[in-house]
file target.pdb (PDB, C-alpha atoms)
ATOM      1  CA  MET A  11       0.000   0.000   0.000
ATOM      2  CA  ILE A  12       1.218   3.509  -0.778
ATOM      3  CA  THR A  13      -0.110   6.953   0.096
ATOM      4  CA  ARG A  14       0.308  10.546  -1.001
ATOM      5  CA  ASP A  15       3.075  10.878   1.589
ATOM      6  CA  ASP A  16       5.083   8.128  -0.141
ATOM      7  CA  VAL A  17       4.702   9.940  -3.451
ATOM      8  CA  GLY A  18       5.828  13.194  -1.863
ATOM      9  CA  GLN A  19       8.923  11.505  -0.469
ATOM     10  CA  ALA A  20       9.671  10.082  -3.931
ATOM     11  CA  ALA A  21       9.338  13.544  -5.459
ATOM     12  CA  ARG A  22      11.845  14.975  -3.012
ATOM     13  CA  ARG A  23      14.272  12.074  -3.453
ATOM     14  CA  THR A  24      14.284  12.251  -7.258
ATOM     15  CA  ALA A  25      14.179  16.042  -7.566
ATOM     16  CA  GLY A  26      16.556  17.226 -10.264
ATOM     17  CA  LEU A  27      16.940  13.724 -11.710
ATOM     18  CA  ILE A  28      13.635  13.357 -13.540
ATOM     19  CA  ARG A  29      12.128  15.565 -16.205
ATOM     20  CA  ARG A  30       9.022  17.576 -15.468
ATOM     21  CA  THR A  31       7.110  16.546 -18.569
ATOM     22  CA  PRO A  32       4.739  19.004 -20.261
ATOM     23  CA  VAL A  33       0.993  18.877 -20.739
ATOM     24  CA  MET A  34      -0.653  19.679 -24.055
ATOM     25  CA  GLU A  35      -4.308  20.546 -24.552
ATOM     26  CA  ALA A  36      -6.153  18.517 -27.170
ATOM     27  CA  ASP A  37      -7.895  20.305 -30.016
ATOM     28  CA  ALA A  38     -11.030  22.131 -28.959
ATOM     29  CA  ASN A  39     -14.316  20.304 -29.594
ATOM     30  CA  SER A  40     -12.575  16.974 -30.099
ATOM     31  CA  PHE A  41     -14.371  15.571 -27.054
ATOM     32  CA  PRO A  42     -16.936  16.685 -24.510
ATOM     33  CA  GLY A  43     -15.250  18.847 -21.895
ATOM     34  CA  LYS A  44     -11.531  19.557 -22.087
ATOM     35  CA  VAL A  45      -8.724  17.070 -22.613
ATOM     36  CA  TRP A  46      -5.006  17.321 -21.867
ATOM     37  CA  PHE A  47      -2.178  14.981 -22.754
ATOM     38  CA  LYS A  48       0.461  14.450 -20.065
ATOM     39  CA  CYS A  49       3.488  13.916 -22.292
ATOM     40  CA  GLU A  50       5.386  11.446 -20.160
ATOM     41  CA  PHE A  51       6.821   9.792 -23.260
ATOM     42  CA  MET A  52       9.340  12.650 -23.111
ATOM     43  CA  GLN A  53      10.769  11.294 -19.833
ATOM     44  CA  HIS A  54      14.292   9.848 -19.635
ATOM     45  CA  THR A  55      14.428   6.543 -21.590
ATOM     46  CA  GLY A  56      11.095   7.396 -23.216
ATOM     47  CA  THR A  57       8.953   6.003 -20.409
ATOM     48  CA  PHE A  58       7.481   6.961 -17.043
ATOM     49  CA  LYS A  59       9.318   4.085 -15.421
ATOM     50  CA  ALA A  60      12.472   6.145 -14.967
ATOM     51  CA  ARG A  61      10.702   7.831 -12.044
ATOM     52  CA  GLY A  62      10.123   4.641 -10.087
ATOM     53  CA  ALA A  63      13.500   3.181 -10.970
ATOM     54  CA  LEU A  64      15.378   6.198  -9.650
ATOM     55  CA  ASN A  65      13.286   6.276  -6.498
ATOM     56  CA  ARG A  66      13.825   2.561  -5.814
ATOM     57  CA  ILE A  67      17.573   2.569  -6.411
ATOM     58  CA  LEU A  68      18.180   5.812  -4.497
ATOM     59  CA  ALA A  69      16.169   4.494  -1.550
ATOM     60  CA  SER A  70      18.167   1.257  -1.619
ATOM     61  CA  LYS A  71      21.368   3.278  -1.601
ATOM     62  CA  GLU A  72      20.140   5.298   1.387
ATOM     63  CA  ARG A  73      19.529   2.051   3.299
ATOM     64  CA  GLY A  74      22.981   0.677   2.413
ATOM     65  CA  GLU A  75      21.547  -2.147   0.296
ATOM     66  CA  LEU A  76      23.058  -1.124  -3.050
ATOM     67  CA  ARG A  77      26.351  -2.858  -3.849
ATOM     68  CA  ALA A  78      28.666  -1.389  -6.477
ATOM     69  CA  ASP A  79      29.795  -4.820  -7.703
ATOM     70  CA  VAL A  80      26.386  -6.360  -8.487
ATOM     71  CA  GLY A  81      24.072  -3.354  -8.722
ATOM     72  CA  VAL A  82      20.475  -4.059  -9.693
ATOM     73  CA  VAL A  83      18.440  -6.758 -11.389
ATOM     74  CA  VAL A  84      15.076  -6.305 -13.125
ATOM     75  CA  ALA A  85      12.687  -8.381 -15.200
ATOM     76  CA  SER A  86      11.029  -6.424 -17.972
ATOM     77  CA  GLY A  87       9.416  -6.567 -21.368
ATOM     78  CA  GLY A  88      11.625  -3.573 -22.095
ATOM     79  CA  ASN A  89      10.545  -0.315 -20.466
ATOM     80  CA  ALA A  90      11.309  -1.145 -16.837
ATOM     81  CA  GLY A  91      14.613  -2.553 -17.975
ATOM     82  CA  LEU A  92      15.453   0.651 -19.818
ATOM     83  CA  ALA A  93      14.497   2.753 -16.824
ATOM     84  CA  ASN A  94      16.489   0.734 -14.305
ATOM     85  CA  ALA A  95      19.496   0.470 -16.608
ATOM     86  CA  TYR A  96      19.424   4.261 -16.974
ATOM     87  CA  ALA A  97      19.018   4.834 -13.231
ATOM     88  CA  ALA A  98      21.820   2.392 -12.419
ATOM     89  CA  ALA A  99      24.108   4.117 -14.914
ATOM     90  CA  GLN A 100      23.393   7.476 -13.285
ATOM     91  CA  LEU A 101      24.526   6.017  -9.957
ATOM     92  CA  GLY A 102      27.493   4.147 -11.420
ATOM     93  CA  VAL A 103      26.365   0.592 -10.674
ATOM     94  CA  PRO A 104      25.701  -2.337 -13.071
ATOM     95  CA  ALA A 105      22.259  -3.478 -14.191
ATOM     96  CA  THR A 106      21.180  -6.925 -15.386
ATOM     97  CA  VAL A 107      17.887  -7.058 -17.266
ATOM     98  CA  PHE A 108      15.889 -10.219 -17.957
ATOM     99  CA  VAL A 109      13.486  -9.873 -20.890
ATOM    100  CA  PRO A 110      11.109 -12.321 -22.601
ATOM    101  CA  GLU A 111      11.888 -13.524 -26.101
ATOM    102  CA  ALA A 112       9.113 -11.321 -27.486
ATOM    103  CA  ALA A 113      10.727  -8.093 -26.275
ATOM    104  CA  PRO A 114      10.941  -5.646 -29.204
ATOM    105  CA  ALA A 115      14.371  -5.448 -30.811
ATOM    106  CA  VAL A 116      14.350  -1.646 -30.470
ATOM    107  CA  LYS A 117      14.101  -1.963 -26.679
ATOM    108  CA  VAL A 118      16.752  -4.675 -26.418
ATOM    109  CA  ALA A 119      19.137  -2.572 -28.509
ATOM    110  CA  LYS A 120      18.552   0.445 -26.263
ATOM    111  CA  LEU A 121      19.193  -1.638 -23.143
ATOM    112  CA  LYS A 122      22.559  -2.701 -24.466
ATOM    113  CA  ALA A 123      23.389   0.844 -25.571
ATOM    114  CA  ILE A 124      22.789   2.109 -22.025
ATOM    115  CA  GLY A 125      25.215  -0.518 -20.780
ATOM    116  CA  ALA A 126      22.952  -3.149 -19.251
ATOM    117  CA  SER A 127      23.615  -6.875 -19.398
ATOM    118  CA  VAL A 128      20.594  -8.403 -21.159
ATOM    119  CA  VAL A 129      19.394 -11.965 -20.579
ATOM    120  CA  GLN A 130      16.632 -12.965 -23.002
ATOM    121  CA  GLY A 131      14.441 -16.049 -22.583
ATOM    122  CA  GLY A 132      10.926 -17.317 -21.954
ATOM    123  CA  ALA A 133       7.720 -16.555 -23.799
ATOM    124  CA  GLU A 134       6.238 -14.131 -21.248
ATOM    125  CA  TYR A 135       7.172 -11.663 -18.540
ATOM    126  CA  ALA A 136       6.489 -14.321 -15.870
ATOM    127  CA  ALA A 137       9.477 -16.398 -17.007
ATOM    128  CA  ALA A 138      11.789 -13.380 -17.012
ATOM    129  CA  TYR A 139      10.554 -12.448 -13.540
ATOM    130  CA  LYS A 140      11.335 -15.881 -12.097
ATOM    131  CA  ALA A 141      14.846 -15.851 -13.538
ATOM    132  CA  ALA A 142      15.525 -12.303 -12.321
ATOM    133  CA  VAL A 143      14.441 -13.038  -8.753
ATOM    134  CA  ALA A 144      16.722 -16.086  -8.706
ATOM    135  CA  ARG A 145      19.671 -13.985  -9.932
ATOM    136  CA  ALA A 146      19.066 -11.327  -7.273
ATOM    137  CA  GLU A 147      18.963 -13.963  -4.532
ATOM    138  CA  GLU A 148      22.163 -15.551  -5.819
ATOM    139  CA  THR A 149      24.187 -12.349  -6.136
ATOM    140  CA  GLY A 150      22.773  -9.948  -3.564
ATOM    141  CA  ALA A 151      21.805  -7.431  -6.233
ATOM    142  CA  VAL A 152      18.915  -5.072  -5.503
ATOM    143  CA  TYR A 153      15.811  -6.426  -7.199
ATOM    144  CA  CYS A 154      13.725  -3.747  -8.904
ATOM    145  CA  HIS A 155      10.239  -5.000  -9.678
ATOM    146  CA  ALA A 156       8.674  -3.703 -12.853
ATOM    147  CA  TYR A 157       5.624  -2.426 -10.963
ATOM    148  CA  ASP A 158       4.818  -4.084  -7.615
ATOM    149  CA  GLN A 159       7.141  -2.416  -5.110
ATOM    150  CA  PRO A 160       6.160   0.588  -2.990
ATOM    151  CA  GLU A 161       9.098   2.733  -4.112
ATOM    152  CA  ILE A 162       8.514   1.884  -7.766
ATOM    153  CA  ALA A 163       4.823   2.801  -7.599
ATOM    154  CA  ALA A 164       5.435   5.907  -5.484
ATOM    155  CA  GLY A 165       8.027   7.132  -7.955
ATOM    156  CA  ALA A 166       5.576   6.681 -10.810
ATOM    157  CA  GLY A 167       3.041   8.640  -8.794
ATOM    158  CA  THR A 168       5.108  11.804  -9.091
ATOM    159  CA  ILE A 169       3.432  12.156 -12.491
ATOM    160  CA  GLY A 170       0.172  12.738 -10.633
ATOM    161  CA  THR A 171       1.753  15.347  -8.381
ATOM    162  CA  GLU A 172       3.055  17.239 -11.404
ATOM    163  CA  LEU A 173      -0.256  16.966 -13.203
ATOM    164  CA  LEU A 174      -2.170  18.514 -10.309
ATOM    165  CA  GLU A 175       0.246  21.452 -10.412
ATOM    166  CA  GLN A 176      -0.158  21.826 -14.193
ATOM    167  CA  VAL A 177      -3.940  21.282 -14.394
ATOM    168  CA  PRO A 178      -5.153  21.961 -10.823
ATOM    169  CA  ASP A 179      -8.835  21.437 -11.585
ATOM    170  CA  VAL A 180      -8.503  18.183 -13.525
ATOM    171  CA  ASP A 181     -11.450  15.881 -12.816
ATOM    172  CA  THR A 182     -10.374  12.581 -14.348
ATOM    173  CA  ILE A 183      -7.076  10.950 -15.274
ATOM    174  CA  LEU A 184      -6.916   8.091 -17.778
ATOM    175  CA  VAL A 185      -4.050   5.692 -17.129
ATOM    176  CA  ALA A 186      -3.025   2.557 -19.027
ATOM    177  CA  VAL A 187      -2.711  -0.505 -16.775
ATOM    178  CA  GLY A 188      -0.599  -3.621 -17.012
ATOM    179  CA  GLY A 189       0.790  -4.532 -13.607
ATOM    180  CA  GLY A 190      -0.712  -1.416 -12.046
ATOM    181  CA  GLY A 191       2.301   0.467 -10.680
ATOM    182  CA  LEU A 192       1.581   3.661 -12.624
ATOM    183  CA  MET A 193      -2.112   3.549 -11.793
ATOM    184  CA  ALA A 194      -1.393   2.971  -8.095
ATOM    185  CA  GLY A 195       1.093   5.819  -7.889
ATOM    186  CA  VAL A 196      -1.111   8.296  -9.714
ATOM    187  CA  ALA A 197      -4.232   7.304  -7.756
ATOM    188  CA  ALA A 198      -2.361   7.734  -4.466
ATOM    189  CA  ALA A 199      -0.975  11.103  -5.568
ATOM    190  CA  VAL A 200      -4.358  12.545  -6.569
ATOM    191  CA  GLU A 201      -6.523  10.812  -3.951
ATOM    192  CA  GLY A 202      -9.267  13.190  -2.903
ATOM    193  CA  SER A 203      -8.559  15.555  -5.824
ATOM    194  CA  ALA A 204      -9.295  13.641  -9.040
ATOM    195  CA  LYS A 205     -10.740  10.353 -10.286
ATOM    196  CA  VAL A 206      -8.510   7.767 -11.949
ATOM    197  CA  VAL A 207      -9.797   5.510 -14.713
ATOM    198  CA  ALA A 208      -7.729   2.450 -15.568
ATOM    199  CA  VAL A 209      -7.629   1.576 -19.256
ATOM    200  CA  GLU A 210      -6.712  -2.000 -20.121
ATOM    201  CA  PRO A 211      -6.358  -4.041 -23.287
ATOM    202  CA  ALA A 212      -9.185  -6.546 -23.533
ATOM    203  CA  THR A 213      -6.455  -9.100 -24.239
ATOM    204  CA  ALA A 214      -4.726  -8.463 -20.856
ATOM    205  CA  PRO A 215      -7.405  -7.283 -18.380
ATOM    206  CA  THR A 216      -5.478  -7.638 -15.116
ATOM    207  CA  LEU A 217      -7.349  -5.091 -12.981
ATOM    208  CA  HIS A 218     -10.698  -5.753 -14.622
ATOM    209  CA  ALA A 219     -10.450  -9.459 -13.788
ATOM    210  CA  ALA A 220      -9.237  -8.773 -10.253
ATOM    211  CA  LEU A 221     -12.122  -6.413  -9.519
ATOM    212  CA  ALA A 222     -14.564  -9.034 -10.769
ATOM    213  CA  ALA A 223     -12.944 -11.797  -8.708
ATOM    214  CA  GLY A 224     -12.355  -9.703  -5.604
ATOM    215  CA  GLU A 225      -8.619 -10.433  -5.661
ATOM    216  CA  PRO A 226      -5.692 -10.485  -8.116
ATOM    217  CA  VAL A 227      -5.979 -13.411 -10.527
ATOM    218  CA  ASP A 228      -3.948 -14.633 -13.480
ATOM    219  CA  VAL A 229      -5.178 -13.672 -16.946
ATOM    220  CA  ALA A 230      -4.164 -14.758 -20.419
ATOM    221  CA  VAL A 231      -1.893 -12.190 -22.086
ATOM    222  CA  SER A 232      -1.750 -11.365 -25.784
ATOM    223  CA  GLY A 233      -2.276  -8.462 -28.163
ATOM    224  CA  VAL A 234      -0.460  -5.471 -29.608
ATOM    225  CA  ALA A 235       0.360  -3.902 -26.225
ATOM    226  CA  ALA A 236       1.665  -7.051 -24.541
ATOM    227  CA  ASP A 237       5.282  -5.860 -24.626
ATOM    228  CA  SER A 238       4.489  -3.086 -22.109
ATOM    229  CA  LEU A 239       1.091  -4.059 -20.637
ATOM    230  CA  GLY A 240       1.803  -7.777 -20.532
ATOM    231  CA  ALA A 241       1.730  -8.563 -16.810
ATOM    232  CA  ARG A 242      -0.186 -11.756 -16.075
ATOM    233  CA  ARG A 243      -1.880 -10.326 -12.977
ATOM    234  CA  ILE A 244      -2.346  -6.976 -11.280
ATOM    235  CA  GLY A 245       0.160  -6.268  -8.537
ATOM    236  CA  ASP A 246      -0.935  -6.354  -4.911
ATOM    237  CA  ILE A 247      -0.131  -2.652  -4.554
ATOM    238  CA  GLY A 248      -2.116  -1.751  -7.650
ATOM    239  CA  PHE A 249      -5.121  -3.773  -6.531
ATOM    240  CA  SER A 250      -5.172  -2.401  -2.984
ATOM    241  CA  VAL A 251      -4.859   1.210  -4.133
ATOM    242  CA  ALA A 252      -7.526   0.692  -6.808
ATOM    243  CA  LEU A 253      -9.960  -0.546  -4.154
ATOM    244  CA  ARG A 254      -9.115   2.257  -1.730
ATOM    245  CA  CYS A 255      -9.385   5.002  -4.340
ATOM    246  CA  GLY A 256     -12.356   3.623  -6.270
ATOM    247  CA  VAL A 257     -10.473   3.231  -9.548
ATOM    248  CA  GLU A 258     -12.712   1.937 -12.323
ATOM    249  CA  SER A 259     -11.572  -0.157 -15.281
ATOM    250  CA  VAL A 260     -12.522   0.137 -18.945
ATOM    251  CA  LEU A 261     -11.378  -2.205 -21.700
ATOM    252  CA  VAL A 262     -10.202  -1.381 -25.217
ATOM    253  CA  THR A 263      -9.589  -3.703 -28.148
ATOM    254  CA  ASP A 264      -6.401  -4.110 -30.143
ATOM    255  CA  GLU A 265      -8.094  -2.406 -33.073
ATOM    256  CA  GLN A 266      -8.999   0.594 -30.912
ATOM    257  CA  ILE A 267      -5.444   0.831 -29.558
ATOM    258  CA  VAL A 268      -3.951   0.749 -33.045
ATOM    259  CA  ALA A 269      -6.418   3.398 -34.244
ATOM    260  CA  ALA A 270      -5.669   5.644 -31.253
ATOM    261  CA  ARG A 271      -1.928   5.375 -31.806
ATOM    262  CA  SER A 272      -2.364   6.329 -35.456
ATOM    263  CA  ALA A 273      -4.650   9.226 -34.516
ATOM    264  CA  LEU A 274      -2.103  10.635 -32.077
ATOM    265  CA  TRP A 275       0.471  10.644 -34.841
ATOM    266  CA  ASN A 276      -1.776  11.907 -37.606
ATOM    267  CA  GLU A 277      -3.459  14.650 -35.578
ATOM    268  CA  TYR A 278      -0.736  15.736 -33.137
ATOM    269  CA  ARG A 279       2.506  14.217 -34.449
ATOM    270  CA  ILE A 280       2.793  12.371 -31.130
ATOM    271  CA  LEU A 281       4.511   9.009 -31.506
ATOM    272  CA  VAL A 282       3.839   6.547 -28.681
ATOM    273  CA  GLU A 283       3.917   2.802 -28.202
ATOM    274  CA  HIS A 284       0.738   0.747 -28.204
ATOM    275  CA  GLY A 285       0.632   0.523 -24.412
ATOM    276  CA  ALA A 286       0.638   4.303 -24.088
ATOM    277  CA  ALA A 287      -1.988   4.654 -26.809
ATOM    278  CA  ALA A 288      -4.328   2.428 -24.805
ATOM    279  CA  ALA A 289      -5.172   5.302 -22.448
ATOM    280  CA  TYR A 290      -6.140   7.546 -25.362
ATOM    281  CA  ALA A 291      -8.043   4.698 -26.988
ATOM    282  CA  ALA A 292     -10.598   4.872 -24.182
ATOM    283  CA  LEU A 293     -11.519   8.407 -25.264
ATOM    284  CA  ALA A 294     -11.110   7.971 -28.998
ATOM    285  CA  SER A 295     -13.257   4.824 -29.096
ATOM    286  CA  GLY A 296     -15.940   5.972 -26.679
ATOM    287  CA  ALA A 297     -15.072   3.322 -24.106
ATOM    288  CA  TYR A 298     -14.925   6.265 -21.720
ATOM    289  CA  VAL A 299     -17.263   9.185 -22.435
ATOM    290  CA  PRO A 300     -16.621  12.316 -20.354
ATOM    291  CA  ARG A 301     -19.344  14.702 -19.257
ATOM    292  CA  MET A 302     -19.734  17.953 -21.164
ATOM    293  CA  ASP A 303     -17.962  19.895 -18.399
ATOM    294  CA  GLU A 304     -15.426  17.212 -17.448
ATOM    295  CA  ARG A 305     -11.719  18.023 -17.472
ATOM    296  CA  VAL A 306      -9.759  14.937 -18.488
ATOM    297  CA  ALA A 307      -6.031  14.210 -18.584
ATOM    298  CA  VAL A 308      -4.603  11.304 -20.567
ATOM    299  CA  ILE A 309      -1.203  10.021 -19.492
ATOM    300  CA  LEU A 310       0.837   9.112 -22.573
ATOM    301  CA  CYS A 311       3.366   7.029 -20.739
ATOM    302  CA  GLY A 312       5.884   5.694 -23.254
ATOM    303  CA  ALA A 313       7.368   6.070 -26.725
ATOM    304  CA  ASN A 314       9.700   3.095 -27.140
ATOM    305  CA  THR A 315       8.293   1.860 -30.399
ATOM    306  CA  ASP A 316       9.207   1.215 -33.997
ATOM    307  CA  PRO A 317       7.973   4.133 -36.134
ATOM    308  CA  ALA A 318       7.780   1.790 -39.110
ATOM    309  CA  THR A 319       4.810   0.037 -37.516
ATOM    310  CA  LEU A 320       2.668   3.143 -37.979
TER
END
call {"tool": "encode", "arguments": {"input": "target.pdb", "output": "structure tokens"}}
result
Amino acid sequence: MITRDDVGQAARRTAGLIRRTPVMEADANSFPGKVWFKCEFMQHTGTFKARGALNRILASKERGELRADVGVVVASGGNAGLANAYAAAQLGVPATVFVPEAAPAVKVAKLKAIGASVVQGGAEYAAAYKAAVARAEETGAVYCHAYDQPEIAAGAGTIGTELLEQVPDVDTILVAVGGGGLMAGVAAAVEGSAKVVAVEPATAPTLHAALAAGEPVDVAVSGVAADSLGARRIGDIGFSVALRCGVESVLVTDEQIVAARSALWNEYRILVEHGAAAAYAALASGAYVPRMDERVAVILCGANTDPATL
């Protein structure tokens, strides 16, 4: 469980190390009410995950847990690996990243360029996760979960803190959900100030299934956004914060995600990955329909994608 206080501590710890990403207002009359894009794809490594990675590794260093010889270990479809490799490099320690075989080549290449050791294997994130945990236990490296650690989620929540400063009267924030770290952090940061709506691919409905079952459950994972929203189940932190904050879930199809990604490029020249486009797909497809006076922010959380796939 995390709270606004945890997010505030993360903001202070990472001050000066993360970018304050801009917001951009969508074209007038595109939707009922007003819509803003929180351009988090402009963050270091092209993804929001740099926030949580820096917070986790800095906190580990403060506690004396970070060793210069073994550094950090992470399991990731790509983005968390990029973020932790970047954060580790900033602090001068090594990073080992376990990725599934389906990880996009563009992300694997970036990992290696940052200086991380990349271990590729297994069909899904779950296999990479198991191998990474084993490596951390063997070596004493700091394990950085892709989404289900308090410091990771609290770091991600600093997006919500920034957004409230940039659009103080925002009513609703649309957030893409895989494992739920971003959603949990943002919901904790804006609790009592704004509503958070979780947007999930219909082919990987982790929160949706958990809310229906009353607890986190495994789901089948597939679809165009599986490389970044491909967790098999919602994290415990994400689920607990969603219940506490009343986060609702809406589902979007692969076709709607692809169309939203194309629309962002064609209409705004914004290039994001499919996982980031999922949040916008809720608006563009009508899966989420705002009130006429509603003020909505869409978090565009990552841009590590192949432009050729547009």
call {"tool": "closest_residue", "arguments": {"input": "target.pdb", "among": "A:Glu147, A:Asp237, A:Glu172, A:Asp228", "to": "A:Ala112", "atoms": "only C-alpha atoms"}}
result
A:Asp237
call {"tool": "closest_residue", "arguments": {"input": "target.pdb", "among": "A:Ala38, A:Val83, A:Cys255, A:Ala93", "to": "A:Ala105", "atoms": "all atoms listed in the file"}}
result
A:Val83
call {"tool": "resolve_selection", "arguments": {"input": "target.pdb", "expression": "the PyMOL selection byres ((chain A and resi 53-67) around 9)", "output": "PyMOL selection string"}}
result
chain A and resi 20-21+23-24+27-31+49-52+68-72+76+82+89-98+100-101+120+152+154-157+159-169+191-192+310-314
call {"tool": "residues_around", "arguments": {"input": "target.pdb", "residues": "A:Glu225", "least_positions_apart": "6", "cutoff": "9 Å", "atoms": "all atoms listed in the file", "output": "PyMOL selection string"}}
result
chain A and resi 219+246+249
call {"tool": "write_last_selection", "arguments": {"input": "target.pdb", "atoms": "C-alpha atoms", "output": "mmCIF file, in the frame of the given file"}}
result
data_model
loop_
_atom_site.group_PDB
_atom_site.id
_atom_site.type_symbol
_atom_site.label_atom_id
_atom_site.label_comp_id
_atom_site.auth_asym_id
_atom_site.auth_seq_id
_atom_site.Cartn_x
_atom_site.Cartn_y
_atom_site.Cartn_z
ATOM 1 C CA ALA A 219 -10.450 -9.459 -13.788
ATOM 2 C CA ASP A 246 -0.935 -6.354 -4.911
ATOM 3 C CA PHE A 249 -5.121 -3.773 -6.531
#
call {"tool": "closest_residue", "arguments": {"input": "target.pdb", "among": "A:Glu277, A:Ser295, A:Ala36, A:Ala220", "to": "A:Lys48", "atoms": "all atoms listed in the file"}}
result
A:Ala36
call {"tool": "atom_distance", "arguments": {"input": "target.pdb", "atom1": "atom CA of A:Val45", "atom2": "atom CA of A:Gln19"}}
result
28.9 Å
call {"tool": "residues_around", "arguments": {"input": "target.pdb", "residues": "A:Met193", "least_positions_apart": "2", "cutoff": "10 Å", "atoms": "all atoms listed in the file", "output": "PyMOL selection string"}}
result
chain A and resi 157+163+166-167+170+183-191+195-199+206-209+247-249+251-252+257
call {"tool": "axis_aligned_box", "arguments": {"input": "target.pdb", "around": "stretch 211-216 of chain A", "padding_each_side": "4 Å", "output": "lines of an AutoDock Vina configuration file"}}
result
center_x = -7.0
center_y = -6.6
center_z = -19.7
size_x = 12.5
size_y = 13.1
size_z = 17.1
call {"tool": "closest_residue", "arguments": {"input": "target.pdb", "among": "A:Ala146, A:Ala307, A:Leu320, A:Met34", "to": "A:Thr182", "atoms": "only C-alpha atoms"}}
result
A:Ala307
